[in-house]
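Novice: If it helps, the file is called model.cif and holds mmCIF, C-alpha atoms:
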```
data_run
#
loop_
_atom_site.label_atom_id
_atom_site.label_comp_id
_atom_site.auth_asym_id
_atom_site.auth_seq_id
_atom_site.Cartn_x
_atom_site.Cartn_y
_atom_site.Cartn_z
CA MET A 1260 153.23 105.94 89.42
CA THR A 1261 153.52 104.92 93.08
CA ASP A 1262 154.76 107.53 95.54
CA ARG A 1263 157.63 105.86 97.41
CA SER A 1264 158.61 108.88 99.50
CA PRO A 1265 158.94 108.07 103.21
CA SER A 1266 156.23 109.08 105.63
CA LEU A 1267 157.64 111.93 107.69
CA ARG A 1268 156.70 111.80 111.36
CA ALA A 1269 157.88 113.37 114.60
CA PRO A 1270 160.84 111.42 116.07
CA ARG A 1271 160.09 108.71 118.61
CA GLY A 1272 159.50 110.17 122.04
CA THR A 1273 158.43 113.59 120.75
CA HIS A 1274 155.03 115.01 119.92
CA ASP A 1275 153.38 117.91 118.14
CA VAL A 1276 151.02 120.29 119.94
CA LEU A 1277 148.61 121.87 117.48
CA TRP A 1278 145.99 124.56 117.87
CA PRO A 1279 143.60 124.57 119.68
CA GLN A 1280 145.42 122.34 122.22
CA SER A 1281 148.37 124.73 122.17
CA ALA A 1282 146.09 127.45 123.56
CA ARG A 1283 145.80 125.37 126.71
CA TRP A 1284 149.59 125.35 126.99
CA GLU A 1285 149.61 129.12 126.60
CA ARG A 1286 147.11 129.52 129.42
CA LEU A 1287 149.08 127.16 131.65
CA VAL A 1288 152.35 129.05 131.14
CA ALA A 1289 150.58 132.40 131.55
CA ARG A 1290 149.03 131.23 134.83
CA PHE A 1291 152.47 130.13 136.05
CA ALA A 1292 154.14 133.38 134.98
CA THR A 1293 151.53 135.51 136.74
CA LEU A 1294 151.90 133.50 139.94
CA VAL A 1295 155.69 133.53 140.21
CA GLU A 1296 156.18 137.09 138.95
CA ARG A 1297 154.05 138.26 141.88
CA ALA A 1298 156.72 136.70 144.07
CA GLY A 1299 159.57 138.54 142.35
CA TYR A 1300 160.73 135.94 139.80
CA GLY A 1301 161.66 137.22 136.33
CA LEU A 1302 161.73 135.33 133.04
CA THR A 1303 165.20 134.06 132.13
CA LEU A 1304 165.93 132.55 128.70
CA THR A 1305 168.98 130.36 128.11
CA PRO A 1306 170.17 128.36 125.05
CA VAL A 1307 168.59 124.99 124.41
CA PHE A 1308 172.11 123.54 124.15
CA GLU A 1309 175.17 124.18 126.29
CA ASP A 1310 178.76 123.04 126.53
CA ALA A 1311 178.38 119.51 127.87
CA THR A 1312 180.59 120.46 130.82
CA VAL A 1313 177.73 122.60 132.20
CA PHE A 1314 175.62 119.51 132.82
CA ARG A 1315 178.49 117.19 133.71
CA ARG A 1316 179.57 119.53 136.49
CA GLY A 1317 176.09 120.60 137.42
CA ILE A 1318 174.10 117.38 137.42
CA GLY A 1319 176.99 115.03 138.17
CA GLU A 1320 178.90 112.42 136.18
CA GLY A 1321 177.39 109.60 138.24
CA SER A 1322 173.76 110.48 137.54
CA ASP A 1323 171.60 108.49 135.12
CA VAL A 1324 170.72 111.72 133.34
CA VAL A 1325 174.33 112.43 132.35
CA GLY A 1326 175.48 108.82 132.03
CA LYS A 1327 172.55 107.37 130.10
CA GLU A 1328 170.02 109.96 128.97
CA MET A 1329 171.74 113.20 127.93
CA TYR A 1330 171.90 114.00 124.21
CA GLU A 1331 175.49 114.94 123.34
CA PHE A 1332 177.01 115.85 120.00
CA VAL A 1333 180.20 117.33 118.62
CA ASP A 1334 179.70 120.70 116.97
CA ARG A 1335 181.35 121.56 113.64
CA ASP A 1336 184.11 123.37 115.52
CA GLY A 1337 184.85 120.31 117.66
CA THR A 1338 183.08 121.48 120.83
CA THR A 1339 181.11 118.83 122.71
CA LEU A 1340 177.63 120.20 123.28
CA ALA A 1341 174.56 118.77 124.97
CA LEU A 1342 170.85 119.41 124.68
CA ARG A 1343 169.46 120.68 127.95
CA PRO A 1344 168.18 117.73 130.07
CA GLU A 1345 166.86 119.98 132.89
CA GLY A 1346 166.58 123.67 133.72
CA THR A 1347 168.69 124.38 136.81
CA ALA A 1348 172.24 123.95 135.50
CA SER A 1349 171.63 126.37 132.60
CA ILE A 1350 170.23 129.03 134.95
CA VAL A 1351 173.26 128.65 137.21
CA ARG A 1352 175.62 128.92 134.23
CA ALA A 1353 173.84 132.14 133.18
CA PHE A 1354 174.14 133.46 136.74
CA LEU A 1355 177.88 132.73 136.76
CA GLN A 1356 178.37 134.40 133.39
CA HIS A 1357 176.40 137.58 134.06
CA ARG A 1358 176.59 137.87 137.86
CA PRO A 1359 173.24 139.59 138.50
CA VAL A 1360 172.61 141.19 141.89
CA LEU A 1361 171.62 138.74 144.62
CA PRO A 1362 169.09 137.48 145.41
CA PHE A 1363 168.60 136.31 141.83
CA LYS A 1364 165.07 134.94 141.32
CA ALA A 1365 164.40 133.51 137.87
CA TRP A 1366 161.58 131.60 136.19
CA TYR A 1367 161.82 129.70 132.94
CA VAL A 1368 159.81 127.77 130.38
CA THR A 1369 161.81 125.41 128.21
CA ALA A 1370 162.08 122.20 126.26
CA ALA A 1371 164.22 119.51 127.91
CA PHE A 1372 165.70 116.40 126.31
CA ARG A 1373 166.40 112.93 127.69
CA HIS A 1374 166.93 109.70 125.81
CA GLU A 1375 164.68 107.40 127.82
CA ARG A 1376 161.86 104.97 127.16
CA PRO A 1377 158.80 106.99 126.12
CA GLN A 1378 155.61 106.45 128.10
CA ALA A 1379 152.50 108.37 129.13
CA GLY A 1380 153.50 111.94 129.94
CA ARG A 1381 157.20 111.09 129.58
CA TYR A 1382 158.79 112.20 126.33
CA ARG A 1383 162.34 112.42 125.02
CA GLN A 1384 161.57 116.05 124.34
CA HIS A 1385 159.36 117.33 127.11
CA HIS A 1386 158.64 120.80 128.43
CA GLN A 1387 159.05 122.40 131.82
CA VAL A 1388 158.29 125.52 133.77
CA GLY A 1389 160.34 126.22 136.85
CA ILE A 1390 161.90 128.71 139.22
CA GLU A 1391 165.37 129.11 140.70
CA ALA A 1392 166.31 131.41 143.59
CA LEU A 1393 170.02 132.05 144.25
CA GLY A 1394 171.56 133.84 147.23
CA PRO A 1395 169.70 133.22 150.51
CA ALA A 1396 170.29 130.07 152.57
CA ASP A 1397 167.19 130.94 154.60
CA PRO A 1398 164.73 128.02 155.01
CA GLU A 1399 161.98 130.60 154.52
CA LEU A 1400 162.95 130.61 150.84
CA ASP A 1401 162.45 126.83 150.69
CA ILE A 1402 158.96 127.35 152.11
CA GLU A 1403 158.22 130.05 149.52
CA VAL A 1404 159.38 127.84 146.65
CA ILE A 1405 157.37 124.81 147.78
CA GLY A 1406 154.35 127.04 148.43
CA LEU A 1407 154.47 128.50 144.92
CA ALA A 1408 154.52 125.01 143.37
CA GLN A 1409 151.60 123.94 145.55
CA GLN A 1410 149.64 127.10 144.71
CA PHE A 1411 150.21 126.55 140.99
CA PHE A 1412 148.75 123.05 141.14
CA GLU A 1413 145.80 124.32 143.14
CA GLU A 1414 145.17 127.18 140.69
CA VAL A 1415 144.92 124.86 137.69
CA GLY A 1416 142.50 122.67 139.64
CA ILE A 1417 144.71 119.70 140.60
CA ARG A 1418 143.62 118.30 143.94
CA ALA A 1419 144.62 114.61 143.89
CA TYR A 1420 148.30 114.97 144.65
CA ARG A 1421 150.83 114.11 147.34
CA LEU A 1422 153.73 116.30 148.43
CA SER A 1423 156.75 114.27 149.59
CA LEU A 1424 159.50 115.91 151.62
CA ASN A 1425 162.98 114.87 152.72
CA SER A 1426 166.36 116.33 153.66
CA MET A 1427 169.62 115.32 151.99
CA GLY A 1428 171.80 116.98 154.61
CA ASP A 1429 174.96 118.74 153.49
CA GLN A 1430 178.67 118.08 152.96
CA ARG A 1431 179.25 117.90 156.71
CA CYS A 1432 176.72 115.21 157.61
CA ARG A 1433 175.91 113.42 154.36
CA PRO A 1434 179.32 111.75 153.71
CA ALA A 1435 179.10 109.72 156.93
CA TYR A 1436 175.54 108.66 156.08
CA VAL A 1437 176.55 107.68 152.53
CA GLU A 1438 179.42 105.59 153.88
CA LEU A 1439 177.01 103.89 156.30
CA LEU A 1440 174.71 103.01 153.37
CA ARG A 1441 177.65 101.75 151.34
CA THR A 1442 178.77 99.44 154.14
CA ILE A 1443 175.29 97.96 154.59
CA MET A 1444 174.67 97.57 150.84
CA ARG A 1445 177.96 95.82 150.26
CA ALA A 1446 176.68 93.04 152.51
CA ARG A 1447 173.41 92.94 150.53
CA ARG A 1448 174.93 93.29 147.09
CA GLY A 1449 173.41 90.03 145.86
CA GLU A 1450 169.91 91.16 146.83
CA LEU A 1451 170.02 94.27 144.63
CA CYS A 1452 169.03 94.52 140.97
CA GLU A 1453 171.85 94.03 138.49
CA GLU A 1454 172.07 97.73 137.62
CA HIS A 1455 172.56 98.90 141.20
CA ARG A 1456 174.99 96.22 142.32
CA ASP A 1457 177.66 98.12 140.42
CA ARG A 1458 176.62 101.53 141.74
CA ILE A 1459 177.14 100.95 145.44
CA GLU A 1460 180.68 102.31 145.43
CA ALA A 1461 179.99 105.32 143.22
CA ASN A 1462 176.74 106.52 144.78
CA PRO A 1463 174.66 104.29 147.06
CA LEU A 1464 171.98 107.00 147.30
CA ARG A 1465 170.88 106.08 143.77
CA VAL A 1466 169.81 102.66 145.08
CA LEU A 1467 167.19 104.36 147.28
CA ASP A 1468 165.64 105.80 144.13
CA CYS A 1469 165.30 102.39 142.43
CA LYS A 1470 161.68 101.32 141.86
CA ARG A 1471 162.42 97.62 141.26
CA PRO A 1472 160.86 95.34 143.92
CA GLN A 1473 164.12 93.56 144.78
CA CYS A 1474 165.95 96.82 145.51
CA GLN A 1475 162.97 98.16 147.44
CA ALA A 1476 162.92 95.02 149.59
CA ALA A 1477 166.68 95.01 150.13
CA THR A 1478 166.67 98.64 151.28
CA ALA A 1479 163.42 98.71 153.25
CA ASP A 1480 165.10 98.85 156.67
CA LEU A 1481 168.03 101.13 155.84
CA PRO A 1482 168.76 104.02 158.22
CA HIS A 1483 167.24 107.37 157.26
CA MET A 1484 169.14 110.51 156.36
CA VAL A 1485 166.89 112.65 158.57
CA ASP A 1486 168.14 110.65 161.60
CA HIS A 1487 171.76 111.51 160.73
CA LEU A 1488 171.49 115.25 160.07
CA CYS A 1489 173.92 117.64 161.70
CA GLY A 1490 172.52 120.33 163.99
CA ASP A 1491 172.29 123.02 161.30
CA CYS A 1492 170.60 120.73 158.78
CA ARG A 1493 168.18 119.49 161.43
CA ALA A 1494 167.26 123.07 162.35
CA HIS A 1495 166.80 123.93 158.67
CA PHE A 1496 164.55 120.93 158.04
CA ASP A 1497 162.50 121.58 161.17
CA HIS A 1498 161.99 125.21 160.09
CA VAL A 1499 160.78 124.13 156.64
CA ARG A 1500 158.35 121.65 158.15
CA SER A 1501 157.05 124.21 160.63
CA GLY A 1502 156.54 126.77 157.85
CA LEU A 1503 154.62 124.32 155.67
CA ASP A 1504 152.47 123.38 158.66
CA ASP A 1505 151.77 127.06 159.29
CA LEU A 1506 150.61 127.51 155.67
CA GLY A 1507 148.41 124.42 155.88
CA ILE A 1508 150.42 122.62 153.19
CA ARG A 1509 150.16 118.89 153.80
CA TYR A 1510 153.17 116.66 153.15
CA VAL A 1511 154.61 113.24 153.97
CA ILE A 1512 158.21 112.47 154.87
CA ASP A 1513 159.63 110.15 152.21
CA HIS A 1514 163.00 108.72 153.25
CA ARG A 1515 163.60 107.41 149.72
CA LEU A 1516 163.24 110.82 148.11
CA VAL A 1517 166.77 111.58 146.91
CA ARG A 1518 165.82 112.97 143.46
CA GLY A 1519 167.82 112.13 140.36
CA PHE A 1520 170.55 114.77 140.51
CA ASP A 1521 173.71 114.86 142.60
CA TYR A 1522 173.50 118.58 143.37
CA TYR A 1523 170.71 118.48 145.96
CA THR A 1524 171.43 119.43 149.58
CA ARG A 1525 169.08 119.72 152.53
CA THR A 1526 165.45 120.17 151.37
CA THR A 1527 164.15 117.93 148.59
CA PHE A 1528 160.50 117.65 147.58
CA GLU A 1529 158.28 116.11 144.94
CA PHE A 1530 154.62 116.39 143.93
CA ALA A 1531 152.98 113.21 142.59
CA SER A 1532 149.50 112.87 141.10
CA HIS A 1533 147.14 110.23 142.46
CA ALA A 1534 145.02 110.64 139.32
CA ILE A 1535 147.69 109.44 136.86
CA GLU A 1536 147.59 105.67 136.55
CA ALA A 1537 151.27 105.17 135.81
CA ALA A 1538 154.44 104.32 137.68
CA GLN A 1539 155.85 107.70 136.68
CA ASN A 1540 153.28 109.99 138.28
CA GLY A 1541 155.53 112.83 139.39
CA ILE A 1542 154.30 116.22 138.19
CA GLY A 1543 157.03 118.41 139.64
CA GLY A 1544 159.73 118.65 142.23
CA GLY A 1545 162.97 120.21 143.30
CA GLY A 1546 164.97 121.24 146.30
CA ARG A 1547 167.97 123.10 147.63
CA TYR A 1548 171.38 122.97 145.92
CA ASP A 1549 173.73 125.03 148.06
CA GLY A 1550 176.92 123.63 146.52
CA LEU A 1551 175.99 123.79 142.83
CA VAL A 1552 177.32 127.26 142.00
CA GLU A 1553 180.62 126.40 143.65
CA ALA A 1554 180.80 123.05 141.82
CA MET A 1555 180.42 124.92 138.53
CA GLY A 1556 183.32 127.25 139.32
CA GLY A 1557 181.63 130.10 141.16
CA PRO A 1558 181.70 131.44 144.71
CA PRO A 1559 179.67 129.66 147.41
CA THR A 1560 176.07 130.68 146.63
CA PRO A 1561 173.05 128.86 148.07
CA GLY A 1562 170.14 128.06 145.76
CA VAL A 1563 166.74 126.41 145.69
CA GLY A 1564 164.15 125.79 142.98
CA PHE A 1565 161.87 123.36 141.19
CA GLY A 1566 160.87 122.10 137.76
CA ILE A 1567 157.33 121.17 136.70
CA GLY A 1568 156.57 119.04 133.63
CA ILE A 1569 153.94 120.65 131.41
CA GLU A 1570 152.88 117.37 129.78
CA ARG A 1571 152.59 115.68 133.17
CA VAL A 1572 150.52 118.51 134.62
CA LEU A 1573 148.11 118.45 131.68
CA LEU A 1574 147.85 114.66 132.00
CA ALA A 1575 146.88 115.10 135.65
CA CYS A 1576 144.40 117.83 134.67
CA ASP A 1577 142.81 115.50 132.13
CA ALA A 1578 142.52 112.74 134.74
CA GLU A 1579 140.79 115.14 137.14
CA LYS A 1580 138.80 116.85 134.35
CA VAL A 1581 140.08 120.31 135.24
CA PHE A 1582 141.79 123.13 133.32
CA GLU A 1583 139.97 122.00 130.20
CA LEU A 1584 140.31 123.49 126.75
CA ASP A 1585 138.24 126.62 126.17
CA ALA A 1586 135.35 125.76 123.86
CA ALA A 1587 135.64 129.10 122.07
CA MET A 1588 138.87 130.53 120.73
CA VAL A 1589 137.04 133.29 118.82
CA ASP A 1590 134.70 136.05 120.02
CA VAL A 1591 133.48 137.39 116.70
CA PHE A 1592 133.36 135.98 113.16
CA VAL A 1593 133.00 138.41 110.26
CA VAL A 1594 130.89 137.18 107.33
CA ASP A 1595 131.61 139.36 104.28
CA LEU A 1596 129.64 138.98 101.03
CA THR A 1597 131.10 142.08 99.37
CA GLY A 1598 134.51 140.79 98.30
CA GLY A 1599 136.49 140.89 101.55
CA SER A 1600 137.30 144.55 102.12
CA GLU A 1601 134.60 144.98 104.77
CA ALA A 1602 135.87 141.92 106.65
CA ARG A 1603 139.37 143.34 106.53
CA ARG A 1604 138.27 146.66 108.05
CA LEU A 1605 135.85 145.21 110.62
CA ALA A 1606 138.28 142.53 111.81
CA GLY A 1607 141.03 145.12 112.21
CA GLU A 1608 138.87 147.49 114.25
CA LEU A 1609 137.55 144.76 116.54
CA ARG A 1610 140.99 143.23 117.07
CA ARG A 1611 142.41 146.61 118.02
CA ALA A 1612 139.59 146.86 120.56
CA GLY A 1613 140.88 143.65 122.13
CA TRP A 1614 138.51 141.01 120.71
CA ARG A 1615 139.44 137.71 119.09
CA VAL A 1616 138.14 137.96 115.55
CA GLU A 1617 138.18 135.51 112.67
CA ARG A 1618 136.98 135.89 109.10
CA SER A 1619 136.58 133.81 105.99
CA PHE A 1620 138.60 133.96 102.77
CA ASP A 1621 138.22 132.86 99.13
CA ASP A 1622 134.87 134.61 98.59
CA ARG A 1623 132.81 131.74 100.05
CA SER A 1624 129.02 131.67 100.21
CA MET A 1625 127.11 133.01 103.19
CA LYS A 1626 126.08 129.49 104.20
CA ALA A 1627 129.68 128.28 104.13
CA GLN A 1628 130.89 131.30 106.10
CA LEU A 1629 128.23 130.82 108.77
CA ARG A 1630 129.26 127.17 109.10
CA SER A 1631 132.80 128.36 109.72
CA ALA A 1632 131.51 130.90 112.24
CA ASP A 1633 129.70 128.14 114.12
CA ARG A 1634 132.75 125.84 114.14
CA SER A 1635 134.94 128.67 115.44
CA GLY A 1636 132.91 128.91 118.64
CA ALA A 1637 132.31 132.62 118.12
CA GLN A 1638 129.62 134.29 120.19
CA LEU A 1639 128.67 136.74 117.44
CA ALA A 1640 128.69 136.85 113.66
CA MET A 1641 129.05 140.22 111.91
CA ILE A 1642 127.30 139.95 108.51
CA VAL A 1643 128.02 142.49 105.78
CA GLY A 1644 126.32 142.04 102.42
CA PRO A 1645 125.68 144.57 99.64
CA THR A 1646 122.57 145.88 101.44
CA GLU A 1647 124.40 146.42 104.75
CA ARG A 1648 127.30 148.05 102.95
CA ASP A 1649 125.04 150.47 101.06
CA HIS A 1650 123.13 151.43 104.21
CA LYS A 1651 126.27 151.63 106.37
CA VAL A 1652 125.06 149.00 108.85
CA VAL A 1653 126.10 145.54 110.04
CA THR A 1654 123.82 142.62 110.87
CA VAL A 1655 124.90 141.15 114.21
CA ARG A 1656 123.75 137.58 114.76
CA ALA A 1657 124.04 135.62 118.02
CA MET A 1658 125.77 132.30 117.36
CA ARG A 1659 125.20 130.98 120.88
CA ASP A 1660 122.10 130.98 123.05
CA GLY A 1661 121.98 134.09 125.19
CA ALA A 1662 124.89 135.76 123.44
CA MET A 1663 122.82 138.92 122.92
CA GLY A 1664 120.67 138.65 126.01
CA GLU A 1665 117.31 137.03 126.57
CA GLY A 1666 115.36 136.61 123.36
CA GLY A 1667 117.92 138.48 121.26
CA ARG A 1668 119.06 136.70 118.14
CA GLN A 1669 119.81 139.28 115.47
CA GLU A 1670 120.12 143.04 115.33
CA THR A 1671 121.06 145.69 112.80
CA VAL A 1672 123.74 148.04 114.12
CA PRO A 1673 125.06 151.26 112.52
CA ARG A 1674 128.50 150.61 111.06
CA ALA A 1675 130.08 153.40 113.13
CA GLU A 1676 128.77 151.84 116.38
CA VAL A 1677 129.77 148.23 115.81
CA VAL A 1678 132.85 148.18 118.07
CA GLU A 1679 130.97 149.84 120.91
CA PHE A 1680 128.04 147.43 120.47
CA VAL A 1681 130.23 144.32 120.44
CA THR A 1682 132.19 145.52 123.48
CA GLU A 1683 128.98 146.13 125.43
CA VAL A 1684 127.44 142.76 124.50
CA LEU A 1685 130.52 140.62 125.13
CA THR A 1686 131.54 142.46 128.30
CA ARG A 1687 128.06 141.98 129.69
CA ARG A 1688 128.12 138.30 128.79
CA GLY A 1689 131.62 137.77 130.17
#
```
Show the structure stored in the file as structure tokens.
Specialist:
Amino acid sequence: MTDRSPSLRAPRGTHDVLWPQSARWERLVARFATLVERAGYGLTLTPVFEDATVFRRGIGEGSDVVGKEMYEFVDRDGTTLALRPEGTASIVRAFLQHRPVLPFKAWYVTAAFRHERPQAGRYRQHHQVGIEALGPADPELDIEVIGLAQQFFEEVGIRAYRLSLNSMGDQRCRPAYVELLRTIMRARRGELCEEHRDRIEANPLRVLDCKRPQCQAATADLPHMVDHLCGDCRAHFDHVRSGLDDLGIRYVIDHRLVRGFDYYTRTTFEFASHAIEAAQNGIGGGGRYDGLVEAMGGPPTPGVGFGIGIERVLLACDAEKVFELDAAMVDVFVVDLTGGSEARRLAGELRRAGWRVERSFDDRSMKAQLRSADRSGAQLAMIVGPTERDHKVVTVRAMRDGAMGEGGRQETVPRAEVVEFVTEVLTRRG
């Protein structure tokens, strides 16, 4: 009888991350957490879905993310909910709800969802790490945030990247600049791509972000926002640039860098990988959003932060052959030929001592268990047969060259001294 059941696969634009690749993700997130927690950022967890109003107010009705990409659905109680398309709006909503003491410095790791065309490193469900800092308007905080992103990329080994910087001004100086763009673009409407001809009135800044050649050509000589900043925004931008120079962080001014969200003010920045051979080579970015809390119904509260795509970062790491998967996920493999009880006890003792220990099941032969030990990448195999059990000893075998020192390959160790022996050998090797 033919099996006609459908082949179940992950939805288009999503992907599974299985062990041992998932261990690389763990290390990446752990590296990020260690870095930002040293700077005073604490882990903040928010729901993967929110009332759709959170993102409509936060990101902006005129953005592509809200208008074209956001996953919305009506809950059973009639509430319109949305899957989180980015991290900032949810953190701000949590801040408004709980009102923690300022400054509020949060980091997050989360899945994000956007209905867009899947491509390399760009998924409909992707994953991000990020930080958000609410309270200070000080440009020194912008410098700290950009510096932490740069340090993270450096720590995982990424070197082939470009940091782009721009200023979006604020509500005092940006409206006049936007109106100037609108006036110029109206005269060039026919030169723009079809999509952006209809967006001039709503938000001409979005045209600057268009990657199509015709829009790029039509906007090549447009005036720059940085030449129309008010005095305060100019001073803020100059301070950020001076601070980055002082830290030795290289950047380029990109007058087209407006980012994809309406909430940005003043500083915007983006890191792009030279190693990724794709049009979408951004690996992280962010900026200041001093009006976002107020737009979402709260008191005026400045903020700045960034989001970094985990899949994109690992793609860049692969291209540069850095932050590679650890060959060994196991330190010790217990081979038990006595029925399993010795493996149970030995594995428990060694794990409590802090070592990664695997064992075999189903009463397999010694040859089969040693094959498993070799595949696991373990440095040592602990062998317990009837003879070892009766004499209260364990045979310790090196599974890798040099695991037990020069010339050492196998040694018999008293059962009571196994944990101490393993700790000494592996600590010395490590």
Novice: Evaluated on this file, the PyMOL selection byres ((chain A and resi 1635) around 12) picks out some residues - which ones are they, written as a PDB file with C-alpha atoms, keeping the file's coordinate frame?
Specialist:
```
ATOM      1  CA  PRO A1279     143.600 124.570 119.680  1.00  0.00           C
ATOM      2  CA  ASP A1585     138.240 126.620 126.170  1.00  0.00           C
ATOM      3  CA  ALA A1586     135.350 125.760 123.860  1.00  0.00           C
ATOM      4  CA  ALA A1587     135.640 129.100 122.070  1.00  0.00           C
ATOM      5  CA  MET A1588     138.870 130.530 120.730  1.00  0.00           C
ATOM      6  CA  VAL A1589     137.040 133.290 118.820  1.00  0.00           C
ATOM      7  CA  ASP A1590     134.700 136.050 120.020  1.00  0.00           C
ATOM      8  CA  VAL A1591     133.480 137.390 116.700  1.00  0.00           C
ATOM      9  CA  PHE A1592     133.360 135.980 113.160  1.00  0.00           C
ATOM     10  CA  VAL A1593     133.000 138.410 110.260  1.00  0.00           C
ATOM     11  CA  ARG A1615     139.440 137.710 119.090  1.00  0.00           C
ATOM     12  CA  VAL A1616     138.140 137.960 115.550  1.00  0.00           C
ATOM     13  CA  GLU A1617     138.180 135.510 112.670  1.00  0.00           C
ATOM     14  CA  ARG A1618     136.980 135.890 109.100  1.00  0.00           C
ATOM     15  CA  SER A1619     136.580 133.810 105.990  1.00  0.00           C
ATOM     16  CA  GLN A1628     130.890 131.300 106.100  1.00  0.00           C
ATOM     17  CA  LEU A1629     128.230 130.820 108.770  1.00  0.00           C
ATOM     18  CA  ARG A1630     129.260 127.170 109.100  1.00  0.00           C
ATOM     19  CA  SER A1631     132.800 128.360 109.720  1.00  0.00           C
ATOM     20  CA  ALA A1632     131.510 130.900 112.240  1.00  0.00           C
ATOM     21  CA  ASP A1633     129.700 128.140 114.120  1.00  0.00           C
ATOM     22  CA  ARG A1634     132.750 125.840 114.140  1.00  0.00           C
ATOM     23  CA  GLY A1636     132.910 128.910 118.640  1.00  0.00           C
ATOM     24  CA  ALA A1637     132.310 132.620 118.120  1.00  0.00           C
ATOM     25  CA  GLN A1638     129.620 134.290 120.190  1.00  0.00           C
ATOM     26  CA  LEU A1639     128.670 136.740 117.440  1.00  0.00           C
ATOM     27  CA  ALA A1640     128.690 136.850 113.660  1.00  0.00           C
ATOM     28  CA  MET A1658     125.770 132.300 117.360  1.00  0.00           C
ATOM     29  CA  ARG A1659     125.200 130.980 120.880  1.00  0.00           C
TER      30      ARG A1659
END
```
Novice: Counting all atoms listed in the file, which of A:Val1313, A:Leu1596, A:Val1517, A:Ala1370 gets nearest to Arg1623 in chain A?
Specialist: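 Checking each candidate against Arg1623 in chain A, we get A:Leu1596 as the closest.
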Novice: Evaluated on this file, the PyMOL selection byres ((chain A and resi 1421) around 8) picks out some residues - which ones are they, written as a ChimeraX atom specification?
Specialist: /A:1419-1420,1422-1423,1510-1511,1530-1533
Novice: What gap, in Å, lies between CA of Gly1394 in chain A and CA of Tyr1522 in chain A?
Specialist: 15.9 Å
Novice: Can you turn the PyMOL selection byres ((chain A and resi 1486) around 12) into a concrete residue list for this file, as number ranges by chain?
Specialist: A: 1425-1428, 1432-1433, 1435-1436, 1481-1485, 1487-1490, 1492-1493, 1496, 1514
Novice: Got time to write the residues from that selection, C-alpha atoms, as a PDB file, keeping the file's coordinate frame?
Specialist:
```pdb
ATOM      1  CA  ASN A1425     162.980 114.870 152.720  1.00  0.00           C
ATOM      2  CA  SER A1426     166.360 116.330 153.660  1.00  0.00           C
ATOM      3  CA  MET A1427     169.620 115.320 151.990  1.00  0.00           C
ATOM      4  CA  GLY A1428     171.800 116.980 154.610  1.00  0.00           C
ATOM      5  CA  CYS A1432     176.720 115.210 157.610  1.00  0.00           C
ATOM      6  CA  ARG A1433     175.910 113.420 154.360  1.00  0.00           C
ATOM      7  CA  ALA A1435     179.100 109.720 156.930  1.00  0.00           C
ATOM      8  CA  TYR A1436     175.540 108.660 156.080  1.00  0.00           C
ATOM      9  CA  LEU A1481     168.030 101.130 155.840  1.00  0.00           C
ATOM     10  CA  PRO A1482     168.760 104.020 158.220  1.00  0.00           C
ATOM     11  CA  HIS A1483     167.240 107.370 157.260  1.00  0.00           C
ATOM     12  CA  MET A1484     169.140 110.510 156.360  1.00  0.00           C
ATOM     13  CA  VAL A1485     166.890 112.650 158.570  1.00  0.00           C
ATOM     14  CA  HIS A1487     171.760 111.510 160.730  1.00  0.00           C
ATOM     15  CA  LEU A1488     171.490 115.250 160.070  1.00  0.00           C
ATOM     16  CA  CYS A1489     173.920 117.640 161.700  1.00  0.00           C
ATOM     17  CA  GLY A1490     172.520 120.330 163.990  1.00  0.00           C
ATOM     18  CA  CYS A1492     170.600 120.730 158.780  1.00  0.00           C
ATOM     19  CA  ARG A1493     168.180 119.490 161.430  1.00  0.00           C
ATOM     20  CA  PHE A1496     164.550 120.930 158.040  1.00  0.00           C
ATOM     21  CA  HIS A1514     163.000 108.720 153.250  1.00  0.00           C
TER      22      HIS A1514
END
```
Novice: Which of these residues is nearest to His1357 in chain A, using only C-alpha atoms: A:Glu1345, A:Phe1412, A:Thr1293, A:Thr1305?
Specialist: A:Thr1305
Novice: Please report the interatomic distance between CA of Val1325 in chain A and CA of Arg1518 in chain A in Å with one decimal.
Specialist: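 The value is 14.0 Å.
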Novice: CA of Val1307 in chain A to CA of Val1276 in chain A: how many Å, to one decimal?
Specialist: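 Interatomic distance, CA of Val1307 in chain A to CA of Val1276 in chain A: 18.7 Å.
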Novice: Restricting the calculation to only C-alpha atoms: of A:Gly1346, A:Gly1449, A:Gly1321, A:Pro1558, which residue gets closest to Asn1462 in chain A?
Specialist: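 Nearest to Asn1462 in chain A: A:Gly1321.
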Novice: Which one of A:Leu1407, A:Met1663, A:Met1625, A:Ala1461 sits closest to Gly1545 in chain A if you count all atoms listed in the file?
Specialist: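 Between A:Leu1407, A:Met1663, A:Met1625, A:Ala1461, the residue approaching Gly1545 in chain A most closely is A:Leu1407.
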Novice: Which residues are close to Gly1326 in chain A, i.e. within 12 Å by all atoms listed in the file, leaving aside same-chain residues fewer than 4 positions away? Reply as a short mmCIF file (atom, residue, chain, number, x, y, z; two decimals) with C-alpha atoms, keeping the file's coordinate frame.
Specialist:
```cif
data_model
loop_
_atom_site.label_atom_id
_atom_site.label_comp_id
_atom_site.auth_asym_id
_atom_site.auth_seq_id
_atom_site.Cartn_x
_atom_site.Cartn_y
_atom_site.Cartn_z
CA ALA A 1311 178.38 119.51 127.87
CA PHE A 1314 175.62 119.51 132.82
CA ARG A 1315 178.49 117.19 133.71
CA ILE A 1318 174.10 117.38 137.42
CA GLY A 1319 176.99 115.03 138.17
CA GLU A 1320 178.90 112.42 136.18
CA GLY A 1321 177.39 109.60 138.24
CA SER A 1322 173.76 110.48 137.54
CA TYR A 1330 171.90 114.00 124.21
CA GLU A 1331 175.49 114.94 123.34
CA PRO A 1344 168.18 117.73 130.07
CA ARG A 1373 166.40 112.93 127.69
CA HIS A 1374 166.93 109.70 125.81
CA GLU A 1375 164.68 107.40 127.82
CA GLY A 1519 167.82 112.13 140.36
CA PHE A 1520 170.55 114.77 140.51
#
```
